[in-house]
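This is data_19.pdb. It holds PDB, C-alpha atoms and all ligand atoms.
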MODEL        1
ATOM      1  CA  MET A   1      -0.358  31.597  24.338
ATOM      2  CA  SER A   2       0.846  30.829  27.863
ATOM      3  CA  SER A   3      -0.010  27.614  29.706
ATOM      4  CA  SER A   4      -2.626  29.430  31.777
ATOM      5  CA  SER A   5      -4.396  30.618  28.654
ATOM      6  CA  PHE A   6      -5.559  27.044  27.986
ATOM      7  CA  SER A   7      -8.006  27.829  30.774
ATOM      8  CA  ASN A   8      -9.494  30.635  28.670
ATOM      9  CA  ALA A   9      -9.776  28.464  25.597
ATOM     10  CA  THR A  10     -12.080  25.902  24.037
ATOM     11  CA  LEU A  11     -10.088  23.130  22.379
ATOM     12  CA  ILE A  12     -11.778  20.998  19.743
ATOM     13  CA  VAL A  13      -9.926  17.833  18.776
ATOM     14  CA  THR A  14     -10.975  15.309  16.132
ATOM     15  CA  GLY A  15      -9.938  11.659  16.286
ATOM     16  CA  ALA A  16     -10.123  11.838  20.095
ATOM     17  CA  ALA A  17     -11.167   8.215  20.600
ATOM     18  CA  SER A  18      -7.630   6.875  20.308
ATOM     19  CA  GLY A  19      -3.907   7.603  20.203
ATOM     20  CA  ILE A  20      -2.655  11.168  19.906
ATOM     21  CA  GLY A  21      -6.150  12.724  19.822
ATOM     22  CA  ARG A  22      -7.228  11.027  23.054
ATOM     23  CA  GLN A  23      -4.070  12.254  24.782
ATOM     24  CA  ILE A  24      -4.513  15.809  23.479
ATOM     25  CA  ALA A  25      -8.087  15.826  24.829
ATOM     26  CA  LEU A  26      -7.013  14.553  28.266
ATOM     27  CA  GLN A  27      -3.949  16.773  28.643
ATOM     28  CA  ALA A  28      -5.715  19.924  27.424
ATOM     29  CA  SER A  29      -8.543  19.286  29.879
ATOM     30  CA  GLU A  30      -5.966  18.799  32.652
ATOM     31  CA  ARG A  31      -4.583  22.250  31.786
ATOM     32  CA  GLY A  32      -8.012  23.810  32.157
ATOM     33  CA  ALA A  33      -9.197  24.024  28.563
ATOM     34  CA  GLU A  34     -12.849  23.419  27.820
ATOM     35  CA  VAL A  35     -12.458  20.317  25.628
ATOM     36  CA  ILE A  36     -14.776  19.149  22.868
ATOM     37  CA  ALA A  37     -13.638  15.725  21.721
ATOM     38  CA  ALA A  38     -14.972  14.345  18.432
ATOM     39  CA  ASP A  39     -14.600  11.013  16.662
ATOM     40  CA  ILE A  40     -16.439   8.637  14.349
ATOM     41  CA  ASN A  41     -15.944   5.785  16.846
ATOM     42  CA  VAL A  42     -18.539   6.522  19.520
ATOM     43  CA  LYS A  43     -17.717   3.548  21.755
ATOM     44  CA  ALA A  44     -14.021   4.393  22.017
ATOM     45  CA  LEU A  45     -14.866   8.075  22.369
ATOM     46  CA  GLN A  46     -16.982   7.258  25.432
ATOM     47  CA  GLU A  47     -13.909   5.488  26.844
ATOM     48  CA  THR A  48     -11.924   8.719  26.422
ATOM     49  CA  ARG A  49     -14.669  10.522  28.344
ATOM     50  CA  GLU A  50     -14.674   7.896  31.094
ATOM     51  CA  ILE A  51     -10.892   8.189  31.485
ATOM     52  CA  ALA A  52     -11.346  11.949  31.791
ATOM     53  CA  LEU A  53     -14.136  11.604  34.354
ATOM     54  CA  ASN A  54     -12.057   9.121  36.386
ATOM     55  CA  GLN A  55      -9.291  11.727  36.493
ATOM     56  CA  GLY A  56     -11.753  14.380  37.632
ATOM     57  CA  LEU A  57     -11.620  16.119  34.248
ATOM     58  CA  ARG A  58     -14.466  17.521  32.197
ATOM     59  CA  MET A  59     -14.967  16.741  28.554
ATOM     60  CA  GLU A  60     -17.747  17.081  26.007
ATOM     61  CA  VAL A  61     -17.868  14.366  23.347
ATOM     62  CA  HIS A  62     -19.454  14.402  19.881
ATOM     63  CA  GLU A  63     -19.876  11.748  17.239
ATOM     64  CA  LEU A  64     -18.425  13.183  14.041
ATOM     65  CA  ASP A  65     -17.300  11.823  10.687
ATOM     66  CA  VAL A  66     -14.879  14.397   9.277
ATOM     67  CA  ALA A  67     -15.439  12.922   5.811
ATOM     68  CA  ASP A  68     -19.113  13.950   5.962
ATOM     69  CA  LYS A  69     -19.387  17.545   4.707
ATOM     70  CA  ASN A  70     -22.870  18.172   6.110
ATOM     71  CA  ALA A  71     -22.028  16.621   9.476
ATOM     72  CA  VAL A  72     -18.953  18.864   9.811
ATOM     73  CA  HIS A  73     -20.928  22.016   9.046
ATOM     74  CA  ASP A  74     -23.785  20.982  11.392
ATOM     75  CA  PHE A  75     -21.182  20.317  14.112
ATOM     76  CA  ALA A  76     -19.652  23.799  13.664
ATOM     77  CA  ASP A  77     -23.071  25.488  13.453
ATOM     78  CA  GLY A  78     -24.005  23.873  16.770
ATOM     79  CA  ILE A  79     -20.809  24.821  18.570
ATOM     80  CA  ILE A  80     -19.938  28.323  17.325
ATOM     81  CA  PRO A  81     -22.883  30.111  19.050
ATOM     82  CA  LEU A  82     -21.857  28.493  22.351
ATOM     83  CA  LEU A  83     -18.250  29.745  22.147
ATOM     84  CA  LYS A  84     -19.351  33.292  22.979
ATOM     85  CA  GLY A  85     -16.051  34.892  22.035
ATOM     86  CA  ARG A  86     -13.817  32.352  23.780
ATOM     87  CA  LYS A  87     -10.431  31.611  22.269
ATOM     88  CA  LEU A  88     -10.682  28.554  19.993
ATOM     89  CA  ILE A  89      -7.964  25.962  19.466
ATOM     90  CA  LEU A  90      -8.881  23.562  16.662
ATOM     91  CA  VAL A  91      -6.817  20.376  16.426
ATOM     92  CA  ASN A  92      -7.461  18.528  13.159
ATOM     93  CA  ASN A  93      -6.059  15.177  14.227
ATOM     94  CA  ALA A  94      -8.427  12.493  12.848
ATOM     95  CA  GLY A  95      -6.646  10.337  10.313
ATOM     96  CA  VAL A  96      -6.430   6.861   8.821
ATOM     97  CA  GLY A  97      -3.765   4.688   7.240
ATOM     98  CA  LEU A  98      -4.129   2.501   4.170
ATOM     99  CA  LEU A  99      -2.288  -0.777   3.724
ATOM    100  CA  SER A 100      -2.713  -1.391   0.035
ATOM    101  CA  GLY A 101       0.808  -1.909  -1.282
ATOM    102  CA  ASN A 102       2.109   0.258  -4.094
ATOM    103  CA  PHE A 103       0.142   2.702  -6.261
ATOM    104  CA  TYR A 104      -0.445   0.025  -8.935
ATOM    105  CA  HIS A 105      -2.332  -2.057  -6.369
ATOM    106  CA  THR A 106      -4.215   0.870  -4.755
ATOM    107  CA  SER A 107      -7.743   1.299  -6.057
ATOM    108  CA  GLU A 108      -9.057   4.748  -6.910
ATOM    109  CA  GLU A 109     -11.864   4.213  -4.354
ATOM    110  CA  ASP A 110      -9.419   3.496  -1.529
ATOM    111  CA  PHE A 111      -7.258   6.482  -2.504
ATOM    112  CA  GLU A 112     -10.346   8.705  -2.516
ATOM    113  CA  TRP A 113     -11.565   7.312   0.836
ATOM    114  CA  LEU A 114      -8.265   8.225   2.506
ATOM    115  CA  ILE A 115      -8.036  11.710   0.957
ATOM    116  CA  ASN A 116     -11.598  12.383   2.030
ATOM    117  CA  ILE A 117     -10.692  11.786   5.685
ATOM    118  CA  ASN A 118      -7.052  12.867   5.986
ATOM    119  CA  LEU A 119      -7.100  15.916   3.707
ATOM    120  CA  TRP A 120     -10.704  16.958   3.111
ATOM    121  CA  GLY A 121     -11.437  16.368   6.814
ATOM    122  CA  VAL A 122      -8.822  18.985   7.719
ATOM    123  CA  ILE A 123      -9.965  21.439   5.025
ATOM    124  CA  ARG A 124     -13.671  21.047   5.900
ATOM    125  CA  MET A 125     -13.196  21.462   9.643
ATOM    126  CA  THR A 126     -11.008  24.537   9.110
ATOM    127  CA  LYS A 127     -13.482  26.035   6.631
ATOM    128  CA  ALA A 128     -16.394  25.475   9.016
ATOM    129  CA  PHE A 129     -14.709  27.263  11.936
ATOM    130  CA  TYR A 130     -12.734  29.844   9.889
ATOM    131  CA  PRO A 131     -15.307  32.660  10.073
ATOM    132  CA  TYR A 132     -15.166  32.422  13.882
ATOM    133  CA  PHE A 133     -11.347  32.619  13.886
ATOM    134  CA  ILE A 134     -11.390  35.634  11.542
ATOM    135  CA  GLN A 135     -14.116  37.459  13.480
ATOM    136  CA  GLN A 136     -12.400  36.869  16.825
ATOM    137  CA  ASN A 137      -8.942  37.621  15.392
ATOM    138  CA  GLN A 138      -7.432  35.090  17.770
ATOM    139  CA  GLY A 139      -6.997  31.347  18.186
ATOM    140  CA  HIS A 140      -4.943  28.472  16.883
ATOM    141  CA  ILE A 141      -5.360  25.861  14.142
ATOM    142  CA  VAL A 142      -3.267  22.706  14.536
ATOM    143  CA  ASN A 143      -3.135  20.263  11.634
ATOM    144  CA  LEU A 144      -1.676  16.767  11.806
ATOM    145  CA  SER A 145       0.538  16.035   8.842
ATOM    146  CA  SER A 146       3.315  13.443   9.150
ATOM    147  CA  VAL A 147       6.883  12.675   8.121
ATOM    148  CA  PHE A 148       5.007  11.441   5.054
ATOM    149  CA  GLY A 149       4.243  15.122   4.452
ATOM    150  CA  LEU A 150       7.986  15.845   4.308
ATOM    151  CA  GLY A 151       9.037  13.122   1.888
ATOM    152  CA  GLY A 152       7.365  10.692  -0.501
ATOM    153  CA  PHE A 153       7.691   7.017   0.474
ATOM    154  CA  ALA A 154       6.952   3.804  -1.413
ATOM    155  CA  ASN A 155       3.652   2.034  -0.601
ATOM    156  CA  GLN A 156       2.274   5.232   0.947
ATOM    157  CA  SER A 157       1.121   7.129  -2.134
ATOM    158  CA  ALA A 158      -2.362   8.012  -0.836
ATOM    159  CA  TYR A 159      -1.182   8.773   2.701
ATOM    160  CA  CYS A 160       1.750  10.913   1.448
ATOM    161  CA  THR A 161      -0.575  12.799  -0.919
ATOM    162  CA  SER A 162      -2.925  13.566   1.981
ATOM    163  CA  LYS A 163      -0.159  14.635   4.364
ATOM    164  CA  PHE A 164       1.664  16.802   1.778
ATOM    165  CA  GLY A 165      -1.773  18.346   1.172
ATOM    166  CA  VAL A 166      -2.270  19.063   4.862
ATOM    167  CA  ARG A 167       1.144  20.714   4.975
ATOM    168  CA  GLY A 168       0.527  22.819   1.852
ATOM    169  CA  PHE A 169      -2.909  23.883   3.089
ATOM    170  CA  THR A 170      -1.578  24.844   6.527
ATOM    171  CA  GLU A 171       1.364  26.803   5.130
ATOM    172  CA  ALA A 172      -0.889  28.617   2.639
ATOM    173  CA  ILE A 173      -3.398  29.817   5.244
ATOM    174  CA  ARG A 174      -0.475  30.671   7.553
ATOM    175  CA  MET A 175       0.697  33.248   5.015
ATOM    176  CA  GLU A 176      -2.839  34.591   4.633
ATOM    177  CA  LEU A 177      -3.129  34.908   8.419
ATOM    178  CA  LEU A 178       0.106  36.896   8.823
ATOM    179  CA  GLY A 179      -0.641  40.073  10.727
ATOM    180  CA  THR A 180      -3.595  38.489  12.549
ATOM    181  CA  HIS A 181      -3.657  36.777  15.953
ATOM    182  CA  VAL A 182      -4.763  33.469  14.444
ATOM    183  CA  HIS A 183      -1.861  31.016  14.577
ATOM    184  CA  THR A 184      -1.187  27.723  12.817
ATOM    185  CA  THR A 185       0.929  24.682  13.620
ATOM    186  CA  CYS A 186       1.683  21.889  11.179
ATOM    187  CA  VAL A 187       2.695  18.717  13.024
ATOM    188  CA  HIS A 188       4.981  16.098  11.465
ATOM    189  CA  PRO A 189       5.155  13.088  13.769
ATOM    190  CA  GLY A 190       7.481  10.169  13.114
ATOM    191  CA  GLY A 191       6.384   6.763  14.388
ATOM    192  CA  ILE A 192       4.002   7.125  17.342
ATOM    193  CA  LYS A 193       2.817   4.034  19.234
ATOM    194  CA  THR A 194      -0.917   4.165  18.476
ATOM    195  CA  ASN A 195      -3.587   2.034  16.805
ATOM    196  CA  ILE A 196      -3.135   3.584  13.361
ATOM    197  CA  VAL A 197      -1.643   0.490  11.675
ATOM    198  CA  ARG A 198      -3.793  -1.964  13.685
ATOM    199  CA  SER A 199      -6.931  -0.076  12.584
ATOM    200  CA  ALA A 200      -5.874   0.129   8.935
ATOM    201  CA  ILE A 201      -7.896  -2.160   6.691
ATOM    202  CA  PRO A 202      -5.635  -4.240   4.431
ATOM    203  CA  LYS A 203      -6.462  -3.769   0.758
ATOM    204  CA  GLY A 204      -4.885  -4.293  -2.657
ATOM    205  CA  SER A 205      -1.749  -6.443  -2.506
ATOM    206  CA  VAL A 206      -1.742  -6.534   1.325
ATOM    207  CA  THR A 207      -4.699  -8.904   1.633
ATOM    208  CA  THR A 208      -2.600 -12.085   1.762
ATOM    209  CA  ALA A 209      -2.751 -13.872   5.122
ATOM    210  CA  GLY A 210      -0.260 -12.533   7.643
ATOM    211  CA  MET A 211       0.528  -9.288   5.767
ATOM    212  CA  HIS A 212      -1.374  -7.059   8.190
ATOM    213  CA  GLU A 213       0.251  -8.756  11.205
ATOM    214  CA  LYS A 214       3.667  -8.256   9.577
ATOM    215  CA  ALA A 215       2.930  -4.559   9.042
ATOM    216  CA  ILE A 216       1.906  -4.232  12.715
ATOM    217  CA  VAL A 217       5.136  -5.898  13.894
ATOM    218  CA  SER A 218       7.264  -3.653  11.641
ATOM    219  CA  PHE A 219       5.401  -0.541  12.802
ATOM    220  CA  ASP A 220       5.740  -1.472  16.487
ATOM    221  CA  LYS A 221       9.502  -1.770  15.910
ATOM    222  CA  VAL A 222       9.886   1.728  14.445
ATOM    223  CA  ALA A 223       7.241   3.626  16.442
ATOM    224  CA  ARG A 224       9.341   4.852  19.342
ATOM    225  CA  THR A 225       7.381   7.823  20.706
ATOM    226  CA  THR A 226       4.345   7.442  22.964
ATOM    227  CA  ALA A 227       1.051   9.194  22.230
ATOM    228  CA  GLU A 228       1.343  10.895  25.667
ATOM    229  CA  LYS A 229       4.651  12.479  24.669
ATOM    230  CA  ALA A 230       3.382  13.467  21.202
ATOM    231  CA  ALA A 231       0.378  15.223  22.776
ATOM    232  CA  ARG A 232       2.593  16.995  25.333
ATOM    233  CA  LEU A 233       4.804  18.342  22.535
ATOM    234  CA  ILE A 234       1.772  19.471  20.527
ATOM    235  CA  LEU A 235       0.337  21.400  23.489
ATOM    236  CA  LYS A 236       3.763  22.960  24.099
ATOM    237  CA  ALA A 237       3.911  24.003  20.425
ATOM    238  CA  ILE A 238       0.508  25.692  20.848
ATOM    239  CA  GLU A 239       1.795  27.595  23.904
ATOM    240  CA  LYS A 240       4.912  28.699  22.020
ATOM    241  CA  LYS A 241       3.010  29.435  18.791
ATOM    242  CA  GLN A 242       5.476  27.126  17.050
ATOM    243  CA  GLN A 243       4.571  26.834  13.377
ATOM    244  CA  LYS A 244       6.248  23.562  12.458
ATOM    245  CA  LEU A 245       6.665  20.662  14.860
ATOM    246  CA  THR A 246       8.551  17.438  14.161
ATOM    247  CA  ILE A 247       8.035  14.698  16.750
ATOM    248  CA  GLY A 248      10.706  12.071  17.417
ATOM    249  CA  GLN A 249      14.309  11.581  16.323
ATOM    250  CA  ASP A 250      13.056   9.720  13.221
ATOM    251  CA  ALA A 251      11.025  12.769  12.160
ATOM    252  CA  LYS A 252      13.955  15.121  12.794
ATOM    253  CA  ALA A 253      16.247  12.924  10.676
ATOM    254  CA  ILE A 254      13.722  12.680   7.806
ATOM    255  CA  ASP A 255      13.156  16.451   7.948
ATOM    256  CA  LEU A 256      16.888  17.130   7.720
ATOM    257  CA  ILE A 257      17.636  14.581   4.991
ATOM    258  CA  THR A 258      14.725  15.623   2.760
ATOM    259  CA  ARG A 259      15.845  19.263   3.035
ATOM    260  CA  LEU A 260      19.546  18.531   2.470
ATOM    261  CA  PHE A 261      18.929  16.060  -0.371
ATOM    262  CA  PRO A 262      15.554  17.055  -1.871
ATOM    263  CA  VAL A 263      15.938  14.576  -4.755
ATOM    264  CA  ALA A 264      18.517  12.020  -3.591
ATOM    265  CA  TYR A 265      16.528  11.216  -0.432
ATOM    266  CA  THR A 266      14.490   8.767  -2.539
ATOM    267  CA  TRP A 267      17.552   6.514  -2.990
ATOM    268  CA  ILE A 268      18.860   7.109   0.551
ATOM    269  CA  PHE A 269      15.612   5.953   2.190
ATOM    270  CA  LYS A 270      14.969   3.170  -0.336
ATOM    271  CA  ARG A 271      18.333   1.605   0.540
ATOM    272  CA  GLN A 272      17.512   1.862   4.267
ATOM    273  CA  MET A 273      14.033   0.373   3.789
ATOM    274  CA  ASP A 274      15.429  -2.548   1.746
ATOM    275  CA  LYS A 275      18.000  -3.220   4.482
ATOM    276  CA  ALA A 276      15.343  -3.067   7.224
ATOM    277  CA  PHE A 277      13.110  -5.507   5.314
ATOM    278  CA  LYS A 278      15.985  -7.975   4.829
ATOM    279  CA  THR A 279      16.755  -8.005   8.574
ATOM    280  CA  SER A 280      13.124  -8.128   9.760
TER     281      SER A 280
HETATM  282  N1  LIG A 301       0.864   7.055  14.748
HETATM  283  C1  LIG A 301       1.763   7.541  13.923
HETATM  284  O1  LIG A 301       2.881   6.989  13.798
HETATM  285  C2  LIG A 301       1.495   8.818  13.161
HETATM  286  C3  LIG A 301       2.578   9.392  12.462
HETATM  287  C4  LIG A 301       2.357  10.543  11.728
HETATM  288  C5  LIG A 301       1.117  11.135  11.708
HETATM  289  N2  LIG A 301       0.085  10.565  12.385
HETATM  290  C6  LIG A 301      -1.226  11.229  12.308
HETATM  291  O2  LIG A 301      -1.678  11.518  13.611
HETATM  292  C7  LIG A 301      -3.105  11.546  13.633
HETATM  293  C8  LIG A 301      -3.616  10.700  14.773
HETATM  294  O3  LIG A 301      -3.308   9.343  14.512
HETATM  295  P1  LIG A 301      -3.053   8.233  15.628
HETATM  296  O4  LIG A 301      -1.724   7.666  15.365
HETATM  297  O5  LIG A 301      -3.385   8.747  16.970
HETATM  298  O6  LIG A 301      -4.096   7.130  15.114
HETATM  299  P2  LIG A 301      -5.272   6.311  15.845
HETATM  300  O7  LIG A 301      -5.706   5.301  14.851
HETATM  301  O8  LIG A 301      -4.820   5.823  17.182
HETATM  302  O9  LIG A 301      -6.389   7.428  16.050
HETATM  303  C9  LIG A 301      -7.053   8.022  14.954
HETATM  304  C10 LIG A 301      -8.476   8.389  15.374
HETATM  305  O10 LIG A 301      -9.108   9.022  14.249
HETATM  306  C11 LIG A 301     -10.462   8.538  14.215
HETATM  307  N3  LIG A 301     -11.044   8.669  12.881
HETATM  308  C12 LIG A 301     -10.781   7.901  11.783
HETATM  309  N4  LIG A 301     -11.568   8.276  10.766
HETATM  310  C13 LIG A 301     -12.355   9.298  11.218
HETATM  311  C14 LIG A 301     -13.374  10.087  10.637
HETATM  312  N5  LIG A 301     -13.768   9.918   9.368
HETATM  313  N6  LIG A 301     -13.957  11.054  11.392
HETATM  314  C15 LIG A 301     -13.591  11.246  12.682
HETATM  315  N7  LIG A 301     -12.639  10.500  13.301
HETATM  316  C16 LIG A 301     -12.028   9.548  12.570
HETATM  317  C17 LIG A 301     -10.351   7.075  14.647
HETATM  318  O11 LIG A 301     -11.611   6.557  15.062
HETATM  319  C18 LIG A 301      -9.325   7.159  15.764
HETATM  320  O12 LIG A 301      -9.943   7.384  17.003
HETATM  321  C19 LIG A 301      -3.555  11.075  12.242
HETATM  322  O13 LIG A 301      -3.865  12.177  11.430
HETATM  323  C20 LIG A 301      -2.322  10.358  11.709
HETATM  324  O14 LIG A 301      -2.298  10.337  10.307
HETATM  325  C21 LIG A 301       0.250   9.416  13.117
ENDMDL
END

If you convert what's in this file into structure tokens, what do you get?
Amino acid sequence: MSSSSFSNATLIVTGAASGIGRQIALQASERGAEVIAADINVKALQETREIALNQGLRMEVHELDVADKNAVHDFADGIIPLLKGRKLILVNNAGVGLLSGNFYHTSEEDFEWLININLWGVIRMTKAFYPYFIQQNQGHIVNLSSVFGLGGFANQSAYCTSKFGVRGFTEAIRMELLGTHVHTTCVHPGGIKTNIVRSAIPKGSVTTAGMHEKAIVSFDKVARTTAEKAARLILKAIEKKQQKLTIGQDAKAIDLITRLFPVAYTWIFKRQMDKAFKTS
């Protein structure tokens, strides 16, 4: 898909009220795509639209909870008839973090809540638009995994489960779509400077005073890539039909180490994390 073919496409992006999703919506609109931006946070979504309007860009916005099965299918049923054969780019970006400490301290309800958004949200959105992709025999599905979909990390059991799931799902449909003109990209960002940790609700063992603030400070230290840059790389990956995208030097290092040392990486990263905690 060349840069100019964004102008022949409709791009739907979830989680467009903040961070990477907001930037994808703005940059895709700048490149001429017809953008449909969706998010559960209506107020912040309107801000995305206002930024677009101030830049002379057009954008349609929709309130959508990707964890709500009926809402997702109603959303797709409303949009598909209006696409009228246009190329569709679906970016399943909406996601949440959970600060709950280790698995022992993570409640089943919190685990389920996260999976319902981060994994089921991606599956549901893809399922709802899949018949259109298959009928048109063209388009692109972009799913946001993470470096936590490349390796398992302590205190991230629910998040890692969701992001490994997103990766497995994307790679499975990729094989099924071989020979068609429907493409997939699985994105594995490292630390991106967004609101994801600020917005996370502290639970489990992280409810002690100051723990959330500490997590924010630690995240701000390691999140080196801007959301603008992450979005630019994602749009470039769509143009190049790149199937796997790692974003940031941290993501590239984690990708390499988990592939070179598929078992020993647990000890390698644990030692690094312990050192980082001692010095922070
Ligand atoms: N920031 C990072 O370091 C990082 C790293 C790896 C992967 N990611 C992934 O990138 C994606 C975007 O995250 P971000 O960093 O821009 O975070 P963010 O918190 O800035 O934005 C996430 C957006 O998703 C929306 N959202 C949350 N729950 C929703 C729901 N049920 N339905 C619809 N929208 C919902 C939020 O309202 C918010 O606007 C997520 O999938 C995240 O897991 C982020």

Identify which of the residues A:Ile12, A:Val206, A:Ala276, A:Ala200 lies closest to Asp39 (chain A), counting only C-alpha atoms when measuring atom-to-atom distances.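 Among the listed residues, the smallest separation from Asp39 (chain A) belongs to A:Ile12.
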
Padding of 3 Å on every side, edges along x, y and z, all listed atoms of region 95-105 of chain A included: what centre and edge lengths in Å, to one decimal, does that box have, as JSON?
{"center_x": -2.3, "center_y": 4.1, "center_z": 0.7, "size_x": 14.8, "size_y": 18.4, "size_z": 25.2}

Nearest to ligand LIG 301 (chain A), chosen from A:Asn54, A:Asn116, A:Thr170, A:Asn41, with only C-alpha atoms and all ligand atoms counted in the distances: A:Asn41

List as a PyMOL selection string the protein and nucleic acid residues lying within 7 Å of ligand LIG 301 (chain A), with all atoms listed in the file counted. chain A and resi 14-21+38-41+64-67+93-97+117-118+144-147+188-196+199+223+227

Write out the residues from the selection above, keeping C-alpha atoms, as a compact mmCIF listing (two decimals), in the coordinates of the input.
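What ended up in result_14.txt:
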# COMPACT_ATOMS: atom_id res chain seq x y z
CA THR A 14 -10.98 15.31 16.13
CA GLY A 15 -9.94 11.66 16.29
CA ALA A 16 -10.12 11.84 20.10
CA ALA A 17 -11.17 8.22 20.60
CA SER A 18 -7.63 6.88 20.31
CA GLY A 19 -3.91 7.60 20.20
CA ILE A 20 -2.66 11.17 19.91
CA GLY A 21 -6.15 12.72 19.82
CA ALA A 38 -14.97 14.34 18.43
CA ASP A 39 -14.60 11.01 16.66
CA ILE A 40 -16.44 8.64 14.35
CA ASN A 41 -15.94 5.78 16.85
CA LEU A 64 -18.42 13.18 14.04
CA ASP A 65 -17.30 11.82 10.69
CA VAL A 66 -14.88 14.40 9.28
CA ALA A 67 -15.44 12.92 5.81
CA ASN A 93 -6.06 15.18 14.23
CA ALA A 94 -8.43 12.49 12.85
CA GLY A 95 -6.65 10.34 10.31
CA VAL A 96 -6.43 6.86 8.82
CA GLY A 97 -3.76 4.69 7.24
CA ILE A 117 -10.69 11.79 5.68
CA ASN A 118 -7.05 12.87 5.99
CA LEU A 144 -1.68 16.77 11.81
CA SER A 145 0.54 16.04 8.84
CA SER A 146 3.32 13.44 9.15
CA VAL A 147 6.88 12.68 8.12
CA HIS A 188 4.98 16.10 11.46
CA PRO A 189 5.16 13.09 13.77
CA GLY A 190 7.48 10.17 13.11
CA GLY A 191 6.38 6.76 14.39
CA ILE A 192 4.00 7.12 17.34
CA LYS A 193 2.82 4.03 19.23
CA THR A 194 -0.92 4.16 18.48
CA ASN A 195 -3.59 2.03 16.80
CA ILE A 196 -3.14 3.58 13.36
CA SER A 199 -6.93 -0.08 12.58
CA ALA A 223 7.24 3.63 16.44
CA ALA A 227 1.05 9.19 22.23

Enumerate, as number ranges by chain, the residues matched when the PyMOL selection byres (((chain A and resi 75) around 12) and not hetatm) is run on the file above. A: 12, 14, 36-39, 61-66, 68-74, 76-82, 124-125, 128-129

Between A:Leu256, A:Ala9, A:Ala237, A:Leu98, single out the one closest to Thr207 (chain A), counting all atoms listed in the file.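 Under the stated criterion, the closest residue is A:Leu98.
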
Which is closest to Glu176 (chain A) among A:Ala158, A:Ile134, A:Leu88, A:Leu83, if we use only C-alpha atoms?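 Checking each candidate against Glu176 (chain A), we get A:Ile134 as the closest.
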
Closest of A:Gln243, A:Asn8, A:Thr208, A:Ile234 to Gln138 (chain A), counting only C-alpha atoms, is A:Asn8

Please determine, counting all atoms listed in the file, which residue among A:Gln23, A:Thr10, A:Ser162, A:Ser107 has the shortest atom-to-atom distance to Lys87 (chain A).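 Answer, going by the shortest atom-to-atom distance: A:Thr10.
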
CA of Gln272 (chain A) to CA of Leu260 (chain A) measures 16.9 Å
